[in-house]
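See below for final_28.tsv, which holds TSV, C-alpha atoms.
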chain	number	residue	atom	x	y	z
A	24	MET	CA	-223.31	-41.64	-24.23
A	25	LYS	CA	-222.53	-45.18	-23.07
A	26	THR	CA	-219.34	-45.43	-21.02
A	27	LYS	CA	-216.82	-47.95	-22.32
A	28	VAL	CA	-214.34	-49.23	-19.72
A	29	SER	CA	-211.46	-51.50	-20.75
A	30	ILE	CA	-208.87	-53.07	-18.43
A	31	LEU	CA	-205.38	-54.23	-19.43
A	32	PHE	CA	-202.57	-55.74	-17.31
A	33	TYR	CA	-199.03	-55.41	-18.64
A	34	ALA	CA	-195.40	-55.70	-17.55
A	35	LYS	CA	-193.74	-52.27	-17.56
A	36	LYS	CA	-190.23	-52.99	-18.87
A	37	ALA	CA	-189.14	-49.34	-18.51
A	38	LYS	CA	-189.33	-49.70	-14.72
A	39	ALA	CA	-187.40	-52.96	-14.37
A	40	ALA	CA	-185.69	-53.36	-10.97
A	41	ALA	CA	-181.98	-54.05	-10.43
A	42	ASN	CA	-182.77	-57.74	-9.82
A	43	GLY	CA	-184.41	-58.01	-13.25
A	44	LEU	CA	-188.01	-58.15	-12.01
A	45	VAL	CA	-190.54	-56.02	-13.89
A	46	PRO	CA	-193.56	-54.32	-12.18
A	47	ILE	CA	-197.06	-55.28	-13.34
A	48	TYR	CA	-199.36	-52.33	-14.08
A	49	THR	CA	-203.05	-52.06	-14.88
A	50	ARG	CA	-204.22	-49.66	-17.59
A	51	ILE	CA	-207.84	-48.51	-17.34
A	52	THR	CA	-209.23	-46.79	-20.44
A	53	ILE	CA	-212.57	-44.96	-20.30
A	54	ASN	CA	-213.95	-43.36	-23.46
A	55	GLY	CA	-210.45	-42.86	-24.85
A	56	LYS	CA	-208.90	-41.50	-21.64
A	57	ARG	CA	-206.55	-43.71	-19.63
A	58	ILE	CA	-204.92	-44.06	-16.24
A	59	GLU	CA	-202.18	-46.46	-15.14
A	60	LEU	CA	-201.92	-47.90	-11.64
A	61	SER	CA	-199.36	-50.22	-10.08
A	62	THR	CA	-200.58	-53.68	-8.96
A	63	ASN	CA	-197.66	-53.92	-6.46
A	64	ARG	CA	-196.65	-57.24	-8.07
A	65	PHE	CA	-193.42	-58.07	-9.96
A	66	VAL	CA	-192.56	-60.76	-12.49
A	67	GLU	CA	-189.65	-62.00	-14.60
A	68	ILE	CA	-190.26	-60.70	-18.09
A	69	SER	CA	-189.74	-64.17	-19.57
A	70	LYS	CA	-192.63	-65.50	-17.45
A	71	TRP	CA	-195.13	-62.83	-18.55
A	72	SER	CA	-197.69	-63.42	-21.32
A	73	THR	CA	-198.38	-60.13	-23.12
A	74	GLU	CA	-201.26	-61.66	-25.11
A	75	ALA	CA	-203.07	-63.09	-22.06
A	76	GLY	CA	-202.18	-60.23	-19.74
A	77	LYS	CA	-201.09	-62.58	-16.96
A	78	MET	CA	-198.19	-64.73	-15.73
A	79	LYS	CA	-197.45	-67.94	-17.63
A	80	GLY	CA	-197.68	-71.40	-16.11
A	81	SER	CA	-199.44	-72.90	-13.11
A	82	SER	CA	-196.76	-72.54	-10.47
A	83	GLU	CA	-197.67	-71.31	-7.00
A	84	GLU	CA	-196.19	-67.90	-7.89
A	85	ALA	CA	-198.20	-67.76	-11.12
A	86	ARG	CA	-201.44	-68.70	-9.36
A	87	SER	CA	-200.84	-66.12	-6.61
A	88	ILE	CA	-200.11	-63.26	-9.04
A	89	ASN	CA	-202.93	-64.15	-11.45
A	90	ASN	CA	-205.45	-64.43	-8.60
A	91	HIS	CA	-204.37	-60.97	-7.42
A	92	LEU	CA	-204.89	-59.58	-10.93
A	93	ASP	CA	-208.35	-61.18	-11.14
A	94	LEU	CA	-209.24	-59.63	-7.80
A	95	LEU	CA	-208.09	-56.19	-9.00
A	96	LYS	CA	-210.17	-56.58	-12.15
A	97	SER	CA	-213.24	-57.41	-10.05
A	98	GLN	CA	-212.58	-54.36	-7.83
A	99	ILE	CA	-212.44	-52.12	-10.91
A	100	ARG	CA	-215.73	-53.53	-12.20
A	101	ASP	CA	-217.31	-53.15	-8.75
A	102	ALA	CA	-216.15	-49.53	-8.60
A	103	GLU	CA	-217.66	-48.90	-12.04
A	104	MET	CA	-221.03	-50.39	-11.00
A	105	GLU	CA	-221.04	-48.43	-7.74
A	106	LEU	CA	-220.51	-45.15	-9.58
A	107	ILE	CA	-223.32	-46.00	-11.99
A	108	HIS	CA	-225.61	-46.92	-9.11
A	109	LYS	CA	-224.91	-43.55	-7.44
A	110	LYS	CA	-225.53	-41.80	-10.78
A	111	THR	CA	-221.96	-40.50	-10.70
A	112	VAL	CA	-220.24	-39.97	-14.04
A	113	VAL	CA	-217.77	-42.82	-14.71
A	114	THR	CA	-214.45	-41.21	-15.62
A	115	THR	CA	-210.79	-42.08	-15.08
A	116	GLU	CA	-210.76	-39.63	-12.16
A	117	THR	CA	-213.82	-41.08	-10.38
A	118	ILE	CA	-212.63	-44.68	-10.91
A	119	LYS	CA	-209.17	-43.82	-9.60
A	120	SER	CA	-210.61	-42.06	-6.53
A	121	LYS	CA	-212.84	-45.03	-5.79
A	122	LEU	CA	-210.01	-47.57	-6.14
A	123	LEU	CA	-207.61	-45.55	-4.00
A	124	GLY	CA	-210.24	-44.98	-1.33
A	125	VAL	CA	-210.44	-41.26	-1.94
A	126	ASP	CA	-214.02	-39.98	-1.57
A	127	GLU	CA	-214.35	-37.39	-4.31
A	128	ARG	CA	-216.51	-34.54	-3.08
A	129	ALA	CA	-219.62	-34.19	-5.19
A	130	ARG	CA	-219.49	-31.10	-7.37
A	131	MET	CA	-222.45	-28.91	-6.52
A	132	LEU	CA	-224.09	-26.32	-8.75
A	133	VAL	CA	-224.37	-23.33	-6.39
A	134	PRO	CA	-220.65	-23.14	-5.36
A	135	ILE	CA	-219.63	-23.36	-9.03
A	136	PHE	CA	-222.09	-20.59	-9.94
A	137	GLN	CA	-220.95	-18.48	-6.97
A	138	ASP	CA	-217.28	-18.94	-7.89
A	139	HIS	CA	-218.08	-17.71	-11.40
A	140	ASN	CA	-219.80	-14.62	-9.97
A	141	ASN	CA	-216.88	-13.93	-7.62
A	142	LYS	CA	-214.52	-13.89	-10.59
A	143	ILE	CA	-216.85	-11.52	-12.46
A	144	LYS	CA	-216.85	-9.24	-9.39
A	145	GLU	CA	-213.04	-9.06	-9.36
A	146	LEU	CA	-213.03	-8.03	-13.02
A	147	VAL	CA	-215.73	-5.34	-12.82
A	148	GLY	CA	-214.32	-2.19	-14.34
A	149	LYS	CA	-211.67	-4.18	-16.22
A	150	GLU	CA	-213.51	-6.72	-18.34
A	151	TYR	CA	-217.11	-6.49	-17.10
A	152	ALA	CA	-219.62	-3.76	-16.35
A	153	PRO	CA	-221.38	-3.61	-12.93
A	154	GLY	CA	-224.63	-4.49	-14.71
A	155	THR	CA	-223.15	-7.79	-15.87
A	156	LEU	CA	-222.36	-8.80	-12.29
A	157	GLU	CA	-225.86	-7.80	-11.19
A	158	ARG	CA	-227.44	-9.95	-13.93
A	159	TYR	CA	-225.45	-13.02	-12.91
A	160	ARG	CA	-226.29	-12.43	-9.25
A	161	THR	CA	-229.97	-12.30	-10.15
A	162	SER	CA	-229.55	-15.41	-12.29
A	163	LEU	CA	-228.02	-17.32	-9.36
A	164	SER	CA	-230.85	-16.14	-7.11
A	165	HIS	CA	-233.43	-17.41	-9.61
A	166	THR	CA	-231.58	-20.74	-9.87
A	167	LYS	CA	-231.74	-21.20	-6.09
A	168	GLU	CA	-235.46	-20.37	-6.05
A	169	PHE	CA	-236.07	-22.89	-8.84
A	170	LEU	CA	-234.22	-25.64	-6.92
A	171	GLN	CA	-236.49	-25.04	-3.92
A	172	TRP	CA	-239.61	-24.97	-6.09
A	173	LYS	CA	-238.83	-28.08	-8.13
A	174	TYR	CA	-236.69	-30.30	-5.89
A	175	LYS	CA	-237.14	-28.81	-2.38
A	176	VAL	CA	-233.33	-28.55	-2.05
A	177	SER	CA	-230.87	-25.68	-1.68
A	178	ASP	CA	-228.32	-27.18	-4.09
A	179	ILE	CA	-227.88	-30.03	-6.56
A	180	GLU	CA	-225.03	-32.19	-7.90
A	181	ILE	CA	-224.15	-31.03	-11.40
A	182	ASN	CA	-224.25	-34.59	-12.78
A	183	LYS	CA	-227.98	-34.62	-12.03
A	184	ILE	CA	-228.61	-31.66	-14.34
A	185	ASP	CA	-230.15	-32.97	-17.55
A	186	HIS	CA	-232.35	-31.77	-20.42
A	187	ALA	CA	-235.47	-32.02	-18.24
A	188	PHE	CA	-233.82	-29.73	-15.65
A	189	VAL	CA	-233.22	-27.05	-18.29
A	190	THR	CA	-236.75	-27.20	-19.75
A	191	ASP	CA	-238.31	-27.20	-16.26
A	192	TYR	CA	-236.17	-24.19	-15.32
A	193	GLU	CA	-237.35	-22.33	-18.41
A	194	PHE	CA	-240.98	-23.23	-17.59
A	195	TRP	CA	-240.51	-21.91	-14.04
A	196	LEU	CA	-239.07	-18.62	-15.33
A	197	ARG	CA	-242.00	-18.13	-17.70
A	198	SER	CA	-244.76	-19.24	-15.33
A	199	VAL	CA	-243.80	-18.69	-11.68
A	200	ARG	CA	-241.48	-15.72	-12.29
A	201	ASN	CA	-243.69	-14.46	-15.15
A	202	CYS	CA	-240.65	-13.55	-17.28
A	203	SER	CA	-241.13	-12.48	-20.88
A	204	ASN	CA	-239.69	-14.67	-23.63
A	205	ASN	CA	-236.51	-12.64	-24.03
A	206	THR	CA	-235.92	-12.31	-20.28
A	207	ALA	CA	-236.36	-16.06	-19.75
A	208	VAL	CA	-233.98	-16.81	-22.64
A	209	LYS	CA	-231.35	-14.47	-21.16
A	210	TYR	CA	-231.51	-16.16	-17.73
A	211	ILE	CA	-231.21	-19.57	-19.37
A	212	LYS	CA	-228.26	-18.24	-21.37
A	213	ASN	CA	-226.56	-17.16	-18.13
A	214	PHE	CA	-227.17	-20.63	-16.67
A	215	HIS	CA	-225.80	-22.20	-19.87
A	216	LYS	CA	-222.49	-20.42	-19.28
A	217	ILE	CA	-222.12	-22.24	-15.94
A	218	ILE	CA	-222.82	-25.57	-17.67
A	219	LYS	CA	-220.14	-24.72	-20.27
A	220	ILE	CA	-217.65	-24.23	-17.43
A	221	CYS	CA	-218.54	-27.69	-16.07
A	222	LEU	CA	-218.15	-29.26	-19.52
A	223	ALA	CA	-214.81	-27.51	-20.11
A	224	ASN	CA	-213.50	-28.95	-16.82
A	225	ASP	CA	-214.74	-32.48	-17.68
A	226	TRP	CA	-217.09	-32.43	-14.69
A	227	LEU	CA	-219.93	-33.42	-17.01
A	228	ASP	CA	-219.79	-35.99	-19.78
A	229	LYS	CA	-223.12	-34.97	-21.35
A	230	ASN	CA	-224.35	-31.51	-22.31
A	231	PRO	CA	-227.85	-30.87	-20.87
A	232	PHE	CA	-228.32	-28.19	-23.56
A	233	ALA	CA	-227.55	-30.58	-26.44
A	234	ASN	CA	-231.16	-30.68	-27.70
A	235	TYR	CA	-232.37	-27.42	-26.21
A	236	LYS	CA	-233.40	-24.55	-28.47
A	237	SER	CA	-234.57	-21.06	-27.64
A	238	LYS	CA	-234.94	-17.89	-29.64
A	239	VAL	CA	-234.93	-14.23	-28.68
A	240	LYS	CA	-237.94	-12.50	-30.20
A	241	GLU	CA	-237.26	-9.21	-31.91
A	242	VAL	CA	-238.62	-6.29	-29.90
A	243	GLU	CA	-239.88	-3.16	-31.59
A	244	ARG	CA	-237.42	-0.43	-30.59
A	245	VAL	CA	-238.87	2.87	-29.41
A	246	TYR	CA	-237.33	6.05	-30.82
A	247	LEU	CA	-238.21	9.71	-31.21
A	248	THR	CA	-239.34	11.34	-34.45
A	249	GLU	CA	-237.88	14.60	-35.75
A	250	ASP	CA	-240.91	16.52	-34.48
A	251	GLU	CA	-240.53	14.99	-30.99
A	252	ILE	CA	-236.81	15.84	-30.91
A	253	GLN	CA	-237.60	19.38	-32.02
A	254	SER	CA	-240.25	19.80	-29.31
A	255	ILE	CA	-237.67	18.81	-26.65
A	256	ILE	CA	-235.08	21.20	-28.14
A	257	GLU	CA	-237.47	24.16	-28.29
A	258	LYS	CA	-239.07	23.64	-24.87
A	259	ASP	CA	-238.12	26.26	-22.29
A	260	PHE	CA	-237.74	24.38	-19.02
A	261	LYS	CA	-238.15	26.41	-15.86
A	262	THR	CA	-235.95	24.17	-13.70
A	263	GLU	CA	-232.21	23.71	-14.11
A	264	ARG	CA	-232.39	19.97	-13.49
A	265	LEU	CA	-234.81	19.35	-16.39
A	266	SER	CA	-232.77	21.60	-18.64
A	267	LEU	CA	-229.62	19.64	-17.76
A	268	VAL	CA	-231.27	16.26	-18.34
A	269	ARG	CA	-232.72	17.51	-21.65
A	270	ASP	CA	-229.26	18.59	-22.83
A	271	ILE	CA	-227.53	15.33	-21.94
A	272	PHE	CA	-230.36	13.30	-23.47
A	273	LEU	CA	-230.02	15.30	-26.70
A	274	PHE	CA	-226.26	14.78	-26.56
A	275	SER	CA	-226.91	11.04	-26.66
A	276	CYS	CA	-229.51	11.45	-29.44
A	277	PHE	CA	-226.86	13.08	-31.63
A	278	THR	CA	-223.93	10.80	-30.69
A	279	GLY	CA	-225.58	7.40	-30.11
A	280	LEU	CA	-223.63	6.88	-26.88
A	281	ALA	CA	-225.18	4.82	-24.09
A	282	TYR	CA	-225.59	6.28	-20.59
A	283	ILE	CA	-222.43	4.73	-19.10
A	284	ASP	CA	-220.34	5.83	-22.10
A	285	VAL	CA	-221.57	9.43	-21.79
A	286	LYS	CA	-220.83	9.32	-18.07
A	287	ASN	CA	-217.26	8.14	-18.71
A	288	LEU	CA	-216.46	10.86	-21.26
A	289	THR	CA	-213.70	13.35	-20.45
A	290	LYS	CA	-212.36	16.26	-22.46
A	291	SER	CA	-209.49	14.03	-23.56
A	292	HIS	CA	-211.96	11.95	-25.60
A	293	ILE	CA	-212.42	14.92	-27.95
A	294	SER	CA	-209.89	15.12	-30.76
A	295	PHE	CA	-209.61	15.99	-34.45
A	296	GLY	CA	-210.72	13.34	-36.90
A	297	ILE	CA	-209.61	12.41	-40.39
A	298	ASP	CA	-211.63	15.33	-41.83
A	299	GLY	CA	-210.01	17.93	-39.58
A	300	ASP	CA	-213.17	18.40	-37.53
A	301	LYS	CA	-213.75	17.44	-33.91
A	302	TRP	CA	-214.69	13.81	-33.15
A	303	ILE	CA	-215.40	11.76	-30.04
A	304	PHE	CA	-212.98	8.86	-29.68
A	305	THR	CA	-214.00	6.37	-27.00
A	306	HIS	CA	-214.57	2.68	-26.24
A	307	ARG	CA	-217.94	1.25	-25.26
A	308	GLN	CA	-217.84	-0.13	-21.73
A	309	LYS	CA	-220.28	-2.92	-22.62
A	310	THR	CA	-218.27	-4.43	-25.49
A	311	GLU	CA	-214.91	-2.61	-25.25
A	312	SER	CA	-215.23	-1.90	-28.98
A	313	ALA	CA	-214.03	1.43	-30.41
A	314	SER	CA	-216.59	4.12	-31.11
A	315	LYS	CA	-215.61	7.12	-33.27
A	316	ILE	CA	-218.27	9.79	-33.75
A	317	PRO	CA	-218.06	13.11	-35.61
A	318	ILE	CA	-219.38	15.97	-33.45
A	319	LEU	CA	-222.53	17.56	-34.91
A	320	PRO	CA	-223.35	21.26	-34.27
A	321	VAL	CA	-225.99	20.42	-31.62
A	322	THR	CA	-223.49	18.17	-29.83
A	323	GLN	CA	-220.82	20.91	-29.85
A	324	MET	CA	-223.27	23.47	-28.45
A	325	ILE	CA	-224.01	21.19	-25.48
A	326	ILE	CA	-220.28	20.57	-24.88
A	327	ASP	CA	-219.59	24.32	-24.95
A	328	LYS	CA	-222.52	25.02	-22.60
A	329	TYR	CA	-221.06	22.85	-19.81
A	330	GLU	CA	-217.36	23.45	-20.50
A	331	ASN	CA	-216.86	25.36	-17.25
A	332	HIS	CA	-219.43	23.56	-15.12
A	333	PRO	CA	-218.00	22.96	-11.58
A	334	GLN	CA	-218.80	19.22	-11.63
A	335	CYS	CA	-217.00	18.83	-14.98
A	336	ASN	CA	-213.91	20.62	-13.69
A	337	ASN	CA	-213.84	18.84	-10.32
A	338	GLU	CA	-214.43	15.31	-11.69
A	339	ASP	CA	-212.70	15.71	-15.07
A	340	LYS	CA	-215.93	14.94	-16.93
A	341	LEU	CA	-217.16	16.24	-20.27
A	342	LEU	CA	-220.74	16.59	-19.00
A	343	PRO	CA	-222.29	16.87	-15.48
A	344	ILE	CA	-224.41	13.74	-15.81
A	345	LEU	CA	-226.77	12.53	-13.06
A	346	SER	CA	-227.39	8.92	-12.03
A	347	ASN	CA	-229.18	6.76	-14.59
A	348	GLN	CA	-232.12	6.36	-12.21
A	349	LYS	CA	-232.55	10.13	-11.82
A	350	MET	CA	-232.06	10.72	-15.55
A	351	ASN	CA	-234.88	8.29	-16.39
A	352	ALA	CA	-237.16	9.75	-13.70
A	353	TYR	CA	-236.68	13.29	-15.02
A	354	LEU	CA	-237.07	12.15	-18.64
A	355	LYS	CA	-240.59	10.99	-17.78
A	356	GLU	CA	-241.29	14.53	-16.60
A	357	ILE	CA	-239.86	15.92	-19.84
A	358	ALA	CA	-242.04	13.56	-21.90
A	359	GLY	CA	-245.12	14.80	-20.04
A	360	VAL	CA	-244.24	18.49	-20.46
A	361	CYS	CA	-243.49	18.00	-24.18
A	362	GLU	CA	-246.64	15.88	-24.67
A	363	ILE	CA	-244.68	12.90	-25.97
A	364	GLU	CA	-246.81	9.74	-25.69
A	365	LYS	CA	-243.85	7.42	-25.16
A	366	GLU	CA	-242.18	6.05	-22.05
A	367	LEU	CA	-239.01	8.08	-22.36
A	368	THR	CA	-235.78	6.47	-21.10
A	369	PHE	CA	-232.16	7.40	-21.69
A	370	HIS	CA	-231.57	4.37	-23.92
A	371	ILE	CA	-234.20	5.66	-26.38
A	372	ALA	CA	-231.65	8.33	-27.32
A	373	ARG	CA	-229.39	5.61	-28.74
A	374	HIS	CA	-232.27	4.19	-30.80
A	375	THR	CA	-233.13	7.71	-31.98
A	376	PHE	CA	-229.57	8.30	-33.18
A	377	ALA	CA	-229.65	5.03	-35.14
A	378	THR	CA	-232.99	5.77	-36.82
A	379	THR	CA	-234.17	9.38	-36.96
A	380	VAL	CA	-230.78	11.12	-36.84
A	381	THR	CA	-228.70	8.88	-39.11
A	382	LEU	CA	-230.49	6.27	-41.24
A	383	THR	CA	-233.43	8.50	-42.07
A	384	ASN	CA	-231.01	11.13	-43.34
A	385	GLY	CA	-229.22	8.76	-45.66
A	386	VAL	CA	-226.26	7.69	-43.50
A	387	PRO	CA	-225.31	4.13	-44.59
A	388	ILE	CA	-225.97	1.42	-42.00
A	389	GLU	CA	-222.26	0.44	-42.08
A	390	SER	CA	-221.32	3.94	-40.87
A	391	VAL	CA	-224.05	3.87	-38.23
A	392	SER	CA	-222.77	0.51	-37.00
A	393	LYS	CA	-219.23	1.87	-36.67
A	394	MET	CA	-220.34	4.94	-34.73
A	395	LEU	CA	-222.49	2.82	-32.40
A	396	GLY	CA	-219.45	0.66	-31.67
A	397	HIS	CA	-221.16	-2.56	-32.80
A	398	LYS	CA	-219.03	-5.57	-33.67
A	399	ASN	CA	-221.35	-6.77	-36.43
A	400	LEU	CA	-224.05	-5.32	-38.66
A	401	ARG	CA	-226.73	-7.66	-37.29
A	402	THR	CA	-226.63	-5.88	-33.93
A	403	THR	CA	-227.13	-2.52	-35.63
A	404	GLN	CA	-230.14	-3.82	-37.54
A	405	HIS	CA	-231.93	-4.42	-34.21
A	406	TYR	CA	-231.50	-0.74	-33.32
A	407	ALA	CA	-231.80	0.92	-36.67
A	408	LYS	CA	-235.22	0.50	-38.24
A	409	VAL	CA	-235.50	2.19	-41.62
A	410	LEU	CA	-238.49	4.50	-41.38
A	411	ASP	CA	-241.38	4.47	-43.87
A	412	ARG	CA	-240.43	7.95	-45.00
A	413	LYS	CA	-236.94	6.79	-45.98
A	414	VAL	CA	-238.39	3.80	-47.83
A	415	SER	CA	-240.78	6.15	-49.64
A	416	GLU	CA	-237.92	8.50	-50.65
A	417	ASP	CA	-235.75	5.65	-51.89
A	418	MET	CA	-238.61	4.12	-53.89
A	419	GLN	CA	-239.47	7.54	-55.37
A	420	ILE	CA	-235.97	7.67	-56.85
A	421	LEU	CA	-236.60	4.26	-58.39
A	422	LYS	CA	-240.01	5.36	-59.72
A	423	ASN	CA	-238.40	8.40	-61.34
A	424	LYS	CA	-235.84	6.18	-63.05
A	425	PHE	CA	-238.60	3.95	-64.43
A	426	SER	CA	-240.54	7.03	-65.57
A	427	LEU	CA	-237.51	8.29	-67.50
A	428	THR	CA	-237.09	4.84	-69.01
A	429	SER	CA	-240.73	4.83	-70.11
A	430	ILE	CA	-240.36	8.28	-71.73
A	431	ALA	CA	-237.25	7.09	-73.56
A	432	ASN	CA	-239.08	3.99	-74.79
A	433	GLU	CA	-241.97	6.10	-76.11
A	434	GLN	CA	-239.53	8.39	-77.93
A	435	ILE	CA	-237.83	5.39	-79.53
A	436	LYS	CA	-241.19	3.96	-80.67
A	437	SER	CA	-242.34	7.25	-82.18
A	438	SER	CA	-239.08	7.95	-84.06
Full structure transcribed into structure tokens:
Amino acid sequence: MKTKVSILFYAKKAKAAANGLVPIYTRITINGKRIELSTNRFVEISKWSTEAGKMKGSSEEARSINNHLDLLKSQIRDAEMELIHKKTVVTTETIKSKLLGVDERARMLVPIFQDHNNKIKELVGKEYAPGTLERYRTSLSHTKEFLQWKYKVSDIEINKIDHAFVTDYEFWLRSVRNCSNNTAVKYIKNFHKIIKICLANDWLDKNPFANYKSKVKEVERVYLTEDEIQSIIEKDFKTERLSLVRDIFLFSCFTGLAYIDVKNLTKSHISFGIDGDKWIFTHRQKTESASKIPILPVTQMIIDKYENHPQCNNEDKLLPILSNQKMNAYLKEIAGVCEIEKELTFHIARHTFATTVTLTNGVPIESVSKMLGHKNLRTTQHYAKVLDRKVSEDMQILKNKFSLTSIANEQIKSS
């Protein structure tokens, strides 16, 4: 966007002195924004030409004042050219700083990014999950590595970030860091948030992401089949730790709750629902959206099993859950013992609830979405893949309808 700078000198009648003299001001307008600065010169209002923007006549006073105004105009133009030469964005603030002799400190990317992360850190547990902070910390680390790789610098002025910077950063993530498409897109999305902060504060006059496009590729979600769930349920584990992990994993399979949400559950989250039966009432930590889930028989059995567990009583927890890292490590053991040819992780339980437990058994996707605590149906569609068996059952109903119609048609023809 080309910067348009206009300069106007005018007599400010509202600030007329007791002796009748009026101060002369200069108004600088840049892309619709304006600043007004005093010229430190005064004039009788009758001697001022509003149209010409200068003092009338050719008297010594008029020549002195008009020469001063011409000099100021040249200084403004010189300041504009100097900013352009330094590749600094020409704004009312930068022009004013230059004219008043104030050296505006260049805004650098890393401190802005770090300030953002510091604010996230202060809000962990209130508005953000610890994982969110960790992702932005990693994103900042990658940004610093990219700056060294591409420019051999530890930081960069934000006004030097352009479309080429963004595309080169994405290339670096995909090539040097060997990130997958979705991972690279997520890191660029994190970086985009920092650019949005700069734009919101008018530190940038052009959006480097204006012509940038990226797309997250849909990933096939892994889930367990009914037979695989049954094999885990029926398996007699010889160690208490595997038995515990199995139970909590199954709890998630039949509630759809993510690891952190299961960990945060207390007995107070159990209450009676609209149908008079027990429900889980909670809020997802990731999105803070409400999640209301009717308790199935398997779920209730697991709750009852650990009702008097020492860890539950001491920590006021519904279940004695281990760390996510240990849960996933032990789940790999469980997969091996149960001969499940899938890389079993705790999050697969959430996918299993959305597919095998609910959708496959005829639960409408709108209900599944509500129980998962999703804010829109599109998010649920990524988790809940309608299985071939369900499609077959639904189409069989349709086939039966057409068969009945055909029989009716034949009867009509023969009558």
Pick from A:Met418, A:Leu341, A:Val147, A:Leu227 nearest to A:Lys286, counting only C-alpha atoms: A:Leu341
With a cut-off of 12 Å, could you pull out the residues of stretch 194-254 of chain A touching stretch 351-358 of chain A and give me the nearest pair of atoms for each, distance in Å to one decimal, using all atoms listed in the file, ordered by chain and ascending number, as JSON lines?
{"residue": "A:Leu247", "atom": "CA", "partner": "A:Ala358", "partner_atom": "CA", "distance": 10.8}
{"residue": "A:Glu251", "atom": "CA", "partner": "A:Ala358", "partner_atom": "CA", "distance": 9.3}
{"residue": "A:Ile252", "atom": "CA", "partner": "A:Ala358", "partner_atom": "CA", "distance": 10.7}
{"residue": "A:Ser254", "atom": "CA", "partner": "A:Ala358", "partner_atom": "CA", "distance": 9.9}
Atomic distance atom CA of A:Gly279 - atom CA of A:Val391, expressed in Å with one decimal: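 Pair atom CA of A:Gly279 / atom CA of A:Val391 returns 9.0 Å.
Every protein, DNA or RNA residue with an atom at most 9 Å from stretch 104-117 of chain A, where all atoms listed in the file count and chain neighbours fewer than 5 positions away do not, is listed here: Thr26, Val28, Ile51, Thr52, Ile53, Asn54, Lys56, Arg57, Ile58, Ile99, Leu122, Asp126, Glu127, Ala129, Asn182, Lys183, Asp225, Trp226, Leu227 and Asp228 of chain A.
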From A:Phe304, A:Glu330, A:Asn234, A:Phe295, residue lying nearest A:Thr190 [all atoms listed in the file]: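 Checking each candidate against A:Thr190, we get A:Asn234 as the closest.
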Option closest in space to A:Ser275, from A:Gln404, A:Ser29, A:Asn384, A:Thr368 [counting only C-alpha atoms]: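 For A:Ser275, the nearest of the candidates is A:Thr368.
Here atom CA of A:Trp71 is placed at a distance of 26.1 Å from atom CA of A:Asp101.
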Atomic separation - atom CA of A:Ser237 relative to atom CA of A:Asn204, Å: 9.1 Å
Residue among A:Glu84, A:Asp178, A:Asp138, A:Asp270 lying closest to A:Tyr159, counting only C-alpha atoms: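 Smallest distance to A:Tyr159 is found for A:Asp138.
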Nearest candidate to A:Ser69 (options A:Val45, A:Val176, A:Arg50, A:Pro333; using all atoms listed in the file): A:Val45
Polymer residues at most 12 Å from (-192.0, -50.9, -15.0) by all atoms listed in the file, as a list in words: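 Selection result: Phe32, Tyr33, Ala34, Lys35, Lys36, Ala37, Lys38, Ala39, Ala40, Ala41, Gly43, Leu44, Val45, Pro46, Ile47, Tyr48, Thr49, Glu59, Leu60, Ser61, Thr62, Asn63, Arg64, Phe65, Val66, Glu67 and Ile68 of chain A.
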With 5 Å on each side, where is the centre of the axis-aligned box around all listed atoms of stretch 282-291 of chain A, and how long are its edges in Å to one decimal, as AutoDock Vina command-line options?
--center_x -217.5 --center_y 10.5 --center_z -20.8 --size_x 26.1 --size_y 21.5 --size_z 15.5
